[in-house]
Amino acid sequence: MIVVALVASTLPSGFAVAHQGAVPPEAEATQTITGRGFGHGRGMSQYGAQGAALAGKNVKQILDFYYPGTAVGKATGAVRIRITADSTDGVRVHSVSGLKLRDLKTNKVYTLPVATNRNQWSIDPHGEHGTRVRSFDAKKRIWSLWRTLSGTAQFEGPAVIGLVLPSGAQVKYRGALRAADVGGAHLDTVNVLPLETYLRGVVPREAITSWRPAALQAQSVAARTYAAYHRKRAGSRVYDLCDTISCQVYGGYSSEKASTNAAIAATAGQIRLYRNTPIIAEFSSSNGGATTAGTVGYQLAKVDSWDAYPGNKNPNVTWSTTRTAAQMQAAFGVGKLKGVSISRRTGLGPGGGRVTRVVATGAAGTRAFTGDQVRANLRLKSAWFVFGSGYTKNELLTLRCSAG
């Protein structure tokens, strides 16, 4: 996530802005909200990494800034990625020459037969914990049983395997496509592949592929570290990471690009360690000009002049949006809304920085919220916001709600 240069705020930490410039009850029901950044702001700003690269910084300098106090380490091996788009009960793939089936209970590998009319194979649940393997005859339009297994299995063999989604669309993946028993009748689809190969489908989905090499290399190390961190904590789960923004976005073979493949190769195996353990290498699109402190030693709050560095084209340095009176009222849950006051900020960055405490008053009483709670409730880009169109305006919003 990308960041812009900012002027450090002179407001002290925890500064409570005076209740002035309030919007009168006669104001329009639509409320303008102005903010900075996109995401939680912990760790690396992706647009900031590009800004740093434009400023001539190398990958080590970028990572040292965003993950201070960490050391260079190495990670190898495979990762297991849950493919969330496959909501079918089993795993269905396109038939291709060299396709094999591995029985995960016996570790025996079978080369699947090829026929012109056999265009798909499927691993489906069977019995308590077993599976059945079937093939689809495209001419007769029927599925035929090929073998039953007492455990689960996976498809492997070709460099790329086409997974058939419930819609009928095909998505290609490197590595193996495993049917994972998660209990009940359903089997999860898990892509098992080398860590370096996995990154080829991640980095182009998490960064802009035309960015400077140093920025793409920083994203590669962050993504590799993030995967190593979660792999170490997977425990008894059948997968290490998912493929969405809940983990980090992974698109498989079709997402690969030459520029990001080169960045991955240039940093092969590199991760960041803290006390000899992979860090949770969090990153977000833009921190708005200052990083956010976290619960670990390498997540510090500090001004970031690279987030809005000239030429990095960060669209999220500042933003503005509107919410209706009904949306405002629903977000705070205090009945008919009388006022919303931002009473505390971090004190770092323009306008006093990110919001840490908001107080809402309505017909049903008064409630306090964190900035992150308000961000989630109002679906804002970040917790760095103000009610109004600028940071010199009101910290107290008083409005007439037409809803409820």
# chains A, B, ... in the order shown; residues from 1 in each chain; ligands from 1
$ select_by_dssp --residues "stretch 244-347 of chain A" --states "helix (DSSP H, G or I)" --output "VMD selection string"
chain A and resid 253 to 255 258 to 266 325 to 332
$ residues_around --residues "A:Arg379" --least-positions-apart "2" --cutoff "12 Å" --atoms "only C-alpha atoms" --output "list of chain:residue names"
A:Ile33, A:Phe38, A:Gly39, A:Thr321, A:Thr322, A:Arg323, A:Gln327, A:Met328, A:Ala330, A:Ala331, A:Gly371, A:Asp372, A:Gln373, A:Val374, A:Arg375, A:Ala376, A:Asn377, A:Lys381, A:Ser382, A:Ala383, A:Phe385
$ residues_around --residues "A:Leu187" --least-positions-apart "6" --cutoff "7 Å" --atoms "only C-alpha atoms" --output "list in words"
Asp89, Gly90, Pro125, Ala179, Ala180 and Asp181 of chain A
$ write_last_selection --atoms "N, CA and C atoms" --output "short mmCIF file (atom, residue, chain, number, x, y, z; two decimals), in the first residue's frame"
data_model
loop_
_atom_site.label_atom_id
_atom_site.label_comp_id
_atom_site.auth_asym_id
_atom_site.auth_seq_id
_atom_site.Cartn_x
_atom_site.Cartn_y
_atom_site.Cartn_z
N ASP A 89 -18.15 -30.20 -3.19
CA ASP A 89 -17.85 -31.17 -2.14
C ASP A 89 -16.50 -31.84 -2.32
N GLY A 90 -15.99 -31.88 -3.58
CA GLY A 90 -14.73 -32.54 -3.85
C GLY A 90 -13.78 -31.65 -4.62
N PRO A 125 -16.03 -37.14 -1.69
CA PRO A 125 -16.17 -37.84 -0.41
C PRO A 125 -16.85 -39.20 -0.59
N ALA A 179 -7.39 -33.00 -1.99
CA ALA A 179 -8.70 -33.06 -1.34
C ALA A 179 -8.44 -33.26 0.15
N ALA A 180 -8.80 -32.26 0.94
CA ALA A 180 -8.50 -32.28 2.38
C ALA A 180 -9.78 -32.54 3.17
N ASP A 181 -9.72 -33.52 4.06
CA ASP A 181 -10.87 -33.90 4.88
C ASP A 181 -11.00 -32.94 6.05
#
$ residues_around --residues "stretch 217-230 of chain A" --least-positions-apart "2" --cutoff "6 Å" --atoms "only C-alpha atoms" --output "PyMOL selection string"
chain A and resi 59+213-215+232-233+263-264+270-271+278+280-281
$ select_by_dssp --residues "stretch 214-309 of chain A" --states "strand (DSSP E or B)" --output "list in words"
Leu241, Cys242, Gln270, Ile271, Arg272, Leu273, Tyr274, Thr277, Pro278, Phe283, Ser284, Ser286, Ala290, Val303 and Asp307 of chain A
$ write_last_selection --atoms "all heavy atoms" --output "compact mmCIF listing (two decimals), in the first residue's frame"
# COMPACT_ATOMS: atom_id res chain seq x y z
N LEU A 241 -2.51 -21.28 4.74
CA LEU A 241 -3.05 -19.97 4.41
C LEU A 241 -4.24 -20.13 3.48
O LEU A 241 -4.37 -21.16 2.79
CB LEU A 241 -2.01 -19.10 3.69
CG LEU A 241 -0.78 -18.64 4.46
CD1 LEU A 241 0.43 -18.65 3.55
CD2 LEU A 241 -1.00 -17.23 4.99
N CYS A 242 -5.08 -19.09 3.44
CA CYS A 242 -6.13 -19.05 2.42
C CYS A 242 -5.62 -18.21 1.25
O CYS A 242 -4.48 -17.77 1.24
CB CYS A 242 -7.42 -18.47 3.01
SG CYS A 242 -7.28 -16.75 3.55
N GLN A 270 14.62 -15.38 1.06
CA GLN A 270 14.80 -14.37 2.09
C GLN A 270 13.51 -14.09 2.86
O GLN A 270 12.46 -13.89 2.27
CB GLN A 270 15.28 -13.05 1.48
CG GLN A 270 16.70 -13.08 0.97
CD GLN A 270 17.14 -11.70 0.45
OE1 GLN A 270 16.72 -10.68 0.99
NE2 GLN A 270 17.95 -11.70 -0.59
N ILE A 271 13.62 -14.06 4.19
CA ILE A 271 12.53 -13.64 5.05
C ILE A 271 13.09 -12.73 6.14
O ILE A 271 14.31 -12.53 6.23
CB ILE A 271 11.81 -14.84 5.71
CG1 ILE A 271 12.76 -15.63 6.61
CG2 ILE A 271 11.17 -15.73 4.67
CD1 ILE A 271 12.07 -16.68 7.48
N ARG A 272 12.21 -12.19 6.98
CA ARG A 272 12.63 -11.37 8.10
C ARG A 272 12.32 -12.10 9.41
O ARG A 272 11.24 -12.67 9.57
CB ARG A 272 11.94 -10.01 8.06
CG ARG A 272 12.57 -9.05 7.03
CD ARG A 272 13.98 -8.70 7.46
NE ARG A 272 14.75 -7.97 6.48
CZ ARG A 272 15.33 -6.78 6.72
NH1 ARG A 272 15.18 -6.20 7.91
NH2 ARG A 272 16.05 -6.20 5.81
N LEU A 273 13.28 -12.05 10.34
CA LEU A 273 13.17 -12.74 11.63
C LEU A 273 13.21 -11.75 12.78
O LEU A 273 13.88 -10.71 12.70
CB LEU A 273 14.33 -13.73 11.80
CG LEU A 273 14.53 -14.81 10.74
CD1 LEU A 273 15.81 -15.58 11.03
CD2 LEU A 273 13.34 -15.74 10.68
N TYR A 274 12.52 -12.10 13.84
CA TYR A 274 12.61 -11.36 15.10
C TYR A 274 12.78 -12.41 16.20
O TYR A 274 11.93 -13.29 16.35
CB TYR A 274 11.35 -10.54 15.33
CG TYR A 274 11.40 -9.64 16.55
CD1 TYR A 274 12.20 -8.50 16.57
CD2 TYR A 274 10.62 -9.92 17.67
CE1 TYR A 274 12.24 -7.68 17.68
CE2 TYR A 274 10.65 -9.10 18.79
CZ TYR A 274 11.46 -7.98 18.79
OH TYR A 274 11.51 -7.15 19.89
N THR A 277 12.62 -15.98 14.79
CA THR A 277 11.34 -16.51 14.36
C THR A 277 10.78 -15.62 13.25
O THR A 277 10.91 -14.39 13.32
CB THR A 277 10.34 -16.54 15.53
OG1 THR A 277 10.86 -17.38 16.56
CG2 THR A 277 8.99 -17.08 15.10
N PRO A 278 10.15 -16.21 12.22
CA PRO A 278 9.55 -15.39 11.16
C PRO A 278 8.56 -14.38 11.74
O PRO A 278 7.75 -14.72 12.60
CB PRO A 278 8.84 -16.41 10.27
CG PRO A 278 9.58 -17.69 10.49
CD PRO A 278 9.99 -17.67 11.93
N PHE A 283 1.39 -5.83 5.90
CA PHE A 283 1.52 -4.71 4.96
C PHE A 283 0.13 -4.24 4.60
O PHE A 283 -0.85 -4.97 4.73
CB PHE A 283 2.31 -5.12 3.71
CG PHE A 283 1.83 -6.38 3.05
CD1 PHE A 283 0.80 -6.37 2.12
CD2 PHE A 283 2.42 -7.61 3.36
CE1 PHE A 283 0.37 -7.54 1.50
CE2 PHE A 283 2.00 -8.79 2.75
CZ PHE A 283 0.96 -8.75 1.82
N SER A 284 0.04 -2.99 4.19
CA SER A 284 -1.23 -2.44 3.73
C SER A 284 -0.96 -1.48 2.60
O SER A 284 0.18 -1.06 2.38
CB SER A 284 -1.98 -1.75 4.88
OG SER A 284 -1.20 -0.74 5.47
N SER A 286 -1.62 1.76 1.94
CA SER A 286 -1.08 3.07 2.26
C SER A 286 -1.28 3.37 3.73
O SER A 286 -2.35 3.11 4.27
CB SER A 286 -1.79 4.14 1.42
OG SER A 286 -1.50 5.44 1.87
N ALA A 290 2.05 7.80 8.13
CA ALA A 290 2.63 7.38 9.42
C ALA A 290 2.25 5.92 9.65
O ALA A 290 1.11 5.52 9.41
CB ALA A 290 2.13 8.25 10.56
N VAL A 303 6.59 8.56 11.47
CA VAL A 303 6.26 9.27 10.24
C VAL A 303 6.91 8.58 9.05
O VAL A 303 8.04 8.09 9.13
CB VAL A 303 6.73 10.73 10.33
CG1 VAL A 303 6.59 11.44 9.00
CG2 VAL A 303 5.93 11.47 11.40
N ASP A 307 5.33 7.38 1.77
CA ASP A 307 3.96 7.00 1.42
C ASP A 307 3.39 7.90 0.33
O ASP A 307 2.58 7.46 -0.48
CB ASP A 307 3.08 7.05 2.67
CG ASP A 307 1.73 6.41 2.45
OD1 ASP A 307 1.68 5.17 2.36
OD2 ASP A 307 0.74 7.14 2.36
$ closest_residue --among "A:Pro315, A:Gly151, A:Gly69, A:Gly168" --to "A:Gln120" --atoms "only C-alpha atoms"
A:Gly168
$ closest_residue --among "A:Gly41, A:Lys140, A:Ser122, A:Val114" --to "A:Arg354" --atoms "only C-alpha atoms"
A:Gly41
$ residues_around --residues "A:Thr111" --least-positions-apart "5" --cutoff "10 Å" --atoms "only C-alpha atoms" --output "list in words"
Ser97, Gly98, Leu99, Lys100, Leu101, Arg102, Phe155, Glu156 and Gly157 of chain A
$ write_last_selection --atoms "C-alpha atoms" --output "short mmCIF file (atom, residue, chain, number, x, y, z; two decimals), in the first residue's frame"
data_model
loop_
_atom_site.label_atom_id
_atom_site.label_comp_id
_atom_site.auth_asym_id
_atom_site.auth_seq_id
_atom_site.Cartn_x
_atom_site.Cartn_y
_atom_site.Cartn_z
CA SER A 97 -1.41 -35.94 -20.17
CA GLY A 98 0.75 -36.93 -17.19
CA LEU A 99 -1.97 -36.36 -14.60
CA LYS A 100 -1.42 -38.56 -11.54
CA LEU A 101 -3.29 -39.42 -8.38
CA ARG A 102 -1.55 -39.84 -5.03
CA PHE A 155 -3.88 -34.69 -8.20
CA GLU A 156 -0.28 -34.03 -9.24
CA GLY A 157 2.19 -34.58 -12.06
#
$ residues_around --residues "A:Ser254" --least-positions-apart "3" --cutoff "12 Å" --atoms "only C-alpha atoms" --output "JSON, numbers by chain"
{"A": [160, 161, 162, 163, 170, 171, 172, 173, 174, 198, 200, 201, 202, 204, 205, 250, 251, 257, 258]}
